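These notes concern the structure reproduced below.
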Amino acid sequence: MVTPRQLYAEFRVMPSLQLHQLRVAAVGKLVSENFKKPIRTRDVVLACLFHDMGNIIKSELSYFPEFLEPQGLVYWQGVKDEYVKKYGADHHTANSAIARDMGLPENVCTLIDGLGFSKLEEVLKDPSVERKVCEYADLRVGPYGVLPLIERLLEGRRRYLETNKIRPHYGSEESFRRLSESAKKLEEQVLSNTSLAWNDISDAAIQNSIEELQNYSVA
């Protein structure tokens, strides 16, 4: 049996990024298990567990110095350089390539391909409930844990602006406002099909799942 714990080690994923993916997967699992329509929970969990495997490529490593311990900046910069050399400078492309390198099912890879804040308007129109749940789960998890949706959006924008990584959807007030409205609509779409309220999704609610998901059967 292959587990996330093993794959994270093999691909030298930063502990903070491991935990982020585990939290997102735990939120996706919680939402899926309370969904009123048929949903492929396993696909959601797998996509969430590995959706950001190449995100070290876009990371400003010095922004969260506590996330570098115990190996330190030099070690993680070396890992980042290796990722860029192998997968290129675009983290979305890297995430998709790594998913396929790991041999994940193609429908799970397709979910990973379709995730991203800039793709929110597309996600809203997509009939795939799995894609909606994956995107929503990612939208609810910040660097230190689960957040209310608006807090998560504002945290993300502030972080990108402070590190000078200004992407159009964060740098422009209008595009950020439009995509934030799409995020709110996505939350309504998702939660209206569950027995959950937004505040049922919390760090406390997912804590037990995080431990379990480290040993989730990937293959």
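The chains in the structure tokens are called A, B, ... from first to last as shown; in each chain the residues are counted from 1, and the ligands are counted from 1 in the order shown.
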**Message:** If you run DSSP on the backbone here, which positions in region 26-205 of chain A get strand (DSSP E)? Please write them as a ChimeraX atom specification.
**Reply:** /A:141-142,145-146
**Message:** Could you list, as a PyMOL selection string, every residue within 10 Å of Phe50 (chain A), counting only C-alpha atoms and ignoring same-chain residues fewer than 6 positions away?
**Reply:** chain A and resi 4+7-8+17-18+21-22+24-25+95-96+98-99+102+104+108-109+112
**DSSP alpha helix (DSSP H) residues within region 50-106 of chain A, as a ChimeraX atom specification** = /A:73-87,91-101,106
Could you save the residues just selected, with N, CA and C atoms, as a PDB file, in the first residue's frame?
```pdb
ATOM      1  N   LEU A  73      16.676  27.284   5.142  1.00  0.00           N
ATOM      2  CA  LEU A  73      16.438  27.924   3.848  1.00  0.00           C
ATOM      3  C   LEU A  73      17.284  27.319   2.732  1.00  0.00           C
ATOM      4  N   VAL A  74      18.554  27.078   2.989  1.00  0.00           N
ATOM      5  CA  VAL A  74      19.439  26.570   1.932  1.00  0.00           C
ATOM      6  C   VAL A  74      18.935  25.229   1.400  1.00  0.00           C
ATOM      7  N   TYR A  75      18.502  24.357   2.305  1.00  0.00           N
ATOM      8  CA  TYR A  75      17.996  23.047   1.880  1.00  0.00           C
ATOM      9  C   TYR A  75      16.764  23.209   0.997  1.00  0.00           C
ATOM     10  N   TRP A  76      15.789  23.994   1.455  1.00  0.00           N
ATOM     11  CA  TRP A  76      14.538  24.106   0.710  1.00  0.00           C
ATOM     12  C   TRP A  76      14.715  24.891  -0.580  1.00  0.00           C
ATOM     13  N   GLN A  77      15.651  25.826  -0.602  1.00  0.00           N
ATOM     14  CA  GLN A  77      15.945  26.511  -1.863  1.00  0.00           C
ATOM     15  C   GLN A  77      16.508  25.521  -2.870  1.00  0.00           C
ATOM     16  N   GLY A  78      17.316  24.591  -2.399  1.00  0.00           N
ATOM     17  CA  GLY A  78      17.842  23.551  -3.286  1.00  0.00           C
ATOM     18  C   GLY A  78      16.737  22.670  -3.849  1.00  0.00           C
ATOM     19  N   VAL A  79      15.778  22.317  -2.986  1.00  0.00           N
ATOM     20  CA  VAL A  79      14.632  21.523  -3.454  1.00  0.00           C
ATOM     21  C   VAL A  79      13.836  22.307  -4.481  1.00  0.00           C
ATOM     22  N   LYS A  80      13.603  23.579  -4.202  1.00  0.00           N
ATOM     23  CA  LYS A  80      12.858  24.435  -5.134  1.00  0.00           C
ATOM     24  C   LYS A  80      13.566  24.498  -6.482  1.00  0.00           C
ATOM     25  N   ASP A  81      14.858  24.695  -6.464  1.00  0.00           N
ATOM     26  CA  ASP A  81      15.627  24.771  -7.707  1.00  0.00           C
ATOM     27  C   ASP A  81      15.502  23.483  -8.513  1.00  0.00           C
ATOM     28  N   GLU A  82      15.514  22.347  -7.820  1.00  0.00           N
ATOM     29  CA  GLU A  82      15.373  21.062  -8.510  1.00  0.00           C
ATOM     30  C   GLU A  82      13.985  20.922  -9.139  1.00  0.00           C
ATOM     31  N   TYR A  83      12.969  21.371  -8.424  1.00  0.00           N
ATOM     32  CA  TYR A  83      11.610  21.326  -8.966  1.00  0.00           C
ATOM     33  C   TYR A  83      11.507  22.178 -10.228  1.00  0.00           C
ATOM     34  N   VAL A  84      12.057  23.385 -10.178  1.00  0.00           N
ATOM     35  CA  VAL A  84      12.004  24.274 -11.338  1.00  0.00           C
ATOM     36  C   VAL A  84      12.750  23.658 -12.518  1.00  0.00           C
ATOM     37  N   LYS A  85      13.895  23.060 -12.243  1.00  0.00           N
ATOM     38  CA  LYS A  85      14.678  22.431 -13.305  1.00  0.00           C
ATOM     39  C   LYS A  85      13.903  21.291 -13.959  1.00  0.00           C
ATOM     40  N   LYS A  86      13.195  20.520 -13.148  1.00  0.00           N
ATOM     41  CA  LYS A  86      12.491  19.349 -13.683  1.00  0.00           C
ATOM     42  C   LYS A  86      11.147  19.695 -14.299  1.00  0.00           C
ATOM     43  N   TYR A  87      10.390  20.604 -13.647  1.00  0.00           N
ATOM     44  CA  TYR A  87       9.013  20.829 -14.063  1.00  0.00           C
ATOM     45  C   TYR A  87       8.755  22.203 -14.672  1.00  0.00           C
ATOM     46  N   HIS A  91       3.776  26.578 -11.432  1.00  0.00           N
ATOM     47  CA  HIS A  91       3.395  25.563 -10.446  1.00  0.00           C
ATOM     48  C   HIS A  91       2.177  24.757 -10.873  1.00  0.00           C
ATOM     49  N   HIS A  92       1.260  25.358 -11.632  1.00  0.00           N
ATOM     50  CA  HIS A  92       0.100  24.599 -12.107  1.00  0.00           C
ATOM     51  C   HIS A  92       0.549  23.458 -13.020  1.00  0.00           C
ATOM     52  N   THR A  93       1.465  23.776 -13.936  1.00  0.00           N
ATOM     53  CA  THR A  93       1.994  22.747 -14.832  1.00  0.00           C
ATOM     54  C   THR A  93       2.695  21.651 -14.030  1.00  0.00           C
ATOM     55  N   ALA A  94       3.442  22.072 -13.010  1.00  0.00           N
ATOM     56  CA  ALA A  94       4.144  21.110 -12.162  1.00  0.00           C
ATOM     57  C   ALA A  94       3.168  20.212 -11.416  1.00  0.00           C
ATOM     58  N   ASN A  95       2.121  20.803 -10.843  1.00  0.00           N
ATOM     59  CA  ASN A  95       1.142  20.011 -10.098  1.00  0.00           C
ATOM     60  C   ASN A  95       0.521  18.929 -10.979  1.00  0.00           C
ATOM     61  N   SER A  96       0.191  19.301 -12.212  1.00  0.00           N
ATOM     62  CA  SER A  96      -0.401  18.337 -13.142  1.00  0.00           C
ATOM     63  C   SER A  96       0.593  17.247 -13.506  1.00  0.00           C
ATOM     64  N   ALA A  97       1.842  17.645 -13.775  1.00  0.00           N
ATOM     65  CA  ALA A  97       2.854  16.670 -14.165  1.00  0.00           C
ATOM     66  C   ALA A  97       3.160  15.700 -13.025  1.00  0.00           C
ATOM     67  N   ILE A  98       3.245  16.212 -11.806  1.00  0.00           N
ATOM     68  CA  ILE A  98       3.553  15.354 -10.657  1.00  0.00           C
ATOM     69  C   ILE A  98       2.423  14.354 -10.412  1.00  0.00           C
ATOM     70  N   ALA A  99       1.189  14.815 -10.554  1.00  0.00           N
ATOM     71  CA  ALA A  99       0.046  13.915 -10.370  1.00  0.00           C
ATOM     72  C   ALA A  99       0.144  12.724 -11.317  1.00  0.00           C
ATOM     73  N   ARG A 100       0.554  12.999 -12.541  1.00  0.00           N
ATOM     74  CA  ARG A 100       0.682  11.914 -13.517  1.00  0.00           C
ATOM     75  C   ARG A 100       1.936  11.078 -13.264  1.00  0.00           C
ATOM     76  N   ASP A 101       2.999  11.725 -12.806  1.00  0.00           N
ATOM     77  CA  ASP A 101       4.205  10.971 -12.441  1.00  0.00           C
ATOM     78  C   ASP A 101       3.906   9.968 -11.326  1.00  0.00           C
ATOM     79  N   GLU A 106      -6.640   9.111 -14.019  1.00  0.00           N
ATOM     80  CA  GLU A 106      -6.764  10.279 -14.888  1.00  0.00           C
ATOM     81  C   GLU A 106      -7.893  11.220 -14.452  1.00  0.00           C
TER      82      GLU A 106
END
```
With a cut-off of 7 Å, could you pull out the residues of region 34-134 of chain A touching region 182-186 of chain A and give me the nearest pair of atoms for each, distance in Å to one decimal, using only C-alpha atoms, ordered by chain and ascending number, as a Markdown table?
```
| residue | atom | partner | partner_atom | distance |
| --- | --- | --- | --- | --- |
| A:Leu120 | CA | A:Ser182 | CA | 6.2 |
| A:Glu121 | CA | A:Ser182 | CA | 6.0 |
| A:Leu124 | CA | A:Leu186 | CA | 6.1 |
```
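Minimum atom-to-atom distances from A:Asp126, A:Tyr136, A:Gln71, A:Asp200 to Asn34 (chain A) were compared using only C-alpha atoms, and the lowest value belongs to A:Asp200.
Considering the residues A:Ser16, A:Ser209, A:Ser202, A:Gln189 and counting only C-alpha atoms, Pro65 (chain A) has its shortest atom-to-atom contact with A:Ser16.
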**Message:** Report, in Å with one decimal, the straight-line distance from CA of Pro143 (chain A) to CA of Lys36 (chain A).
**Reply:** 29.6 Å
**Prompt:** Which neighbours of region 193-198 of chain A fall inside 9 Å, counting only C-alpha atoms, when residues of the same chain fewer than 5 positions from it are skipped, and could you give them as JSON, numbers by chain?
**Reply:** {"A": [31, 32, 33, 34, 35, 36, 37, 148, 149, 187, 188]}
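Distances here use only C-alpha atoms; by that measure, the residue among A:Ser59, A:Asn199, A:Asn215, A:Gln207 closest to Tyr160 (chain A) is A:Ser59.
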**Prompt:** Counting only C-alpha atoms, what is within 9 Å of Leu111 (chain A), bar same-chain residues fewer than 3 positions away, as a PyMOL selection string?
**Reply:** chain A and resi 43-44+47-48+51+106-108+114-115+130-131+134
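If only C-alpha atoms are the atoms counted, then among A:Phe67, A:Phe11, A:Phe117, A:Phe176 the closest residue to Lys132 (chain A) is A:Phe117.
With CA of Met1 (chain A) on one side and CA of Ala219 (chain A) on the other, the separation reads 5.7 Å.
Proximity to Val133 (chain A) was assessed for A:Asn208, A:Ser192, A:Val2, A:Leu19 counting only C-alpha atoms; the smallest distance is recorded for A:Ser192.
In terms of minimum interatomic distance to Asp113 (chain A), A:Glu135 ranks closest within A:Leu147, A:Gly72, A:Glu135, A:Ser175, counting only C-alpha atoms.
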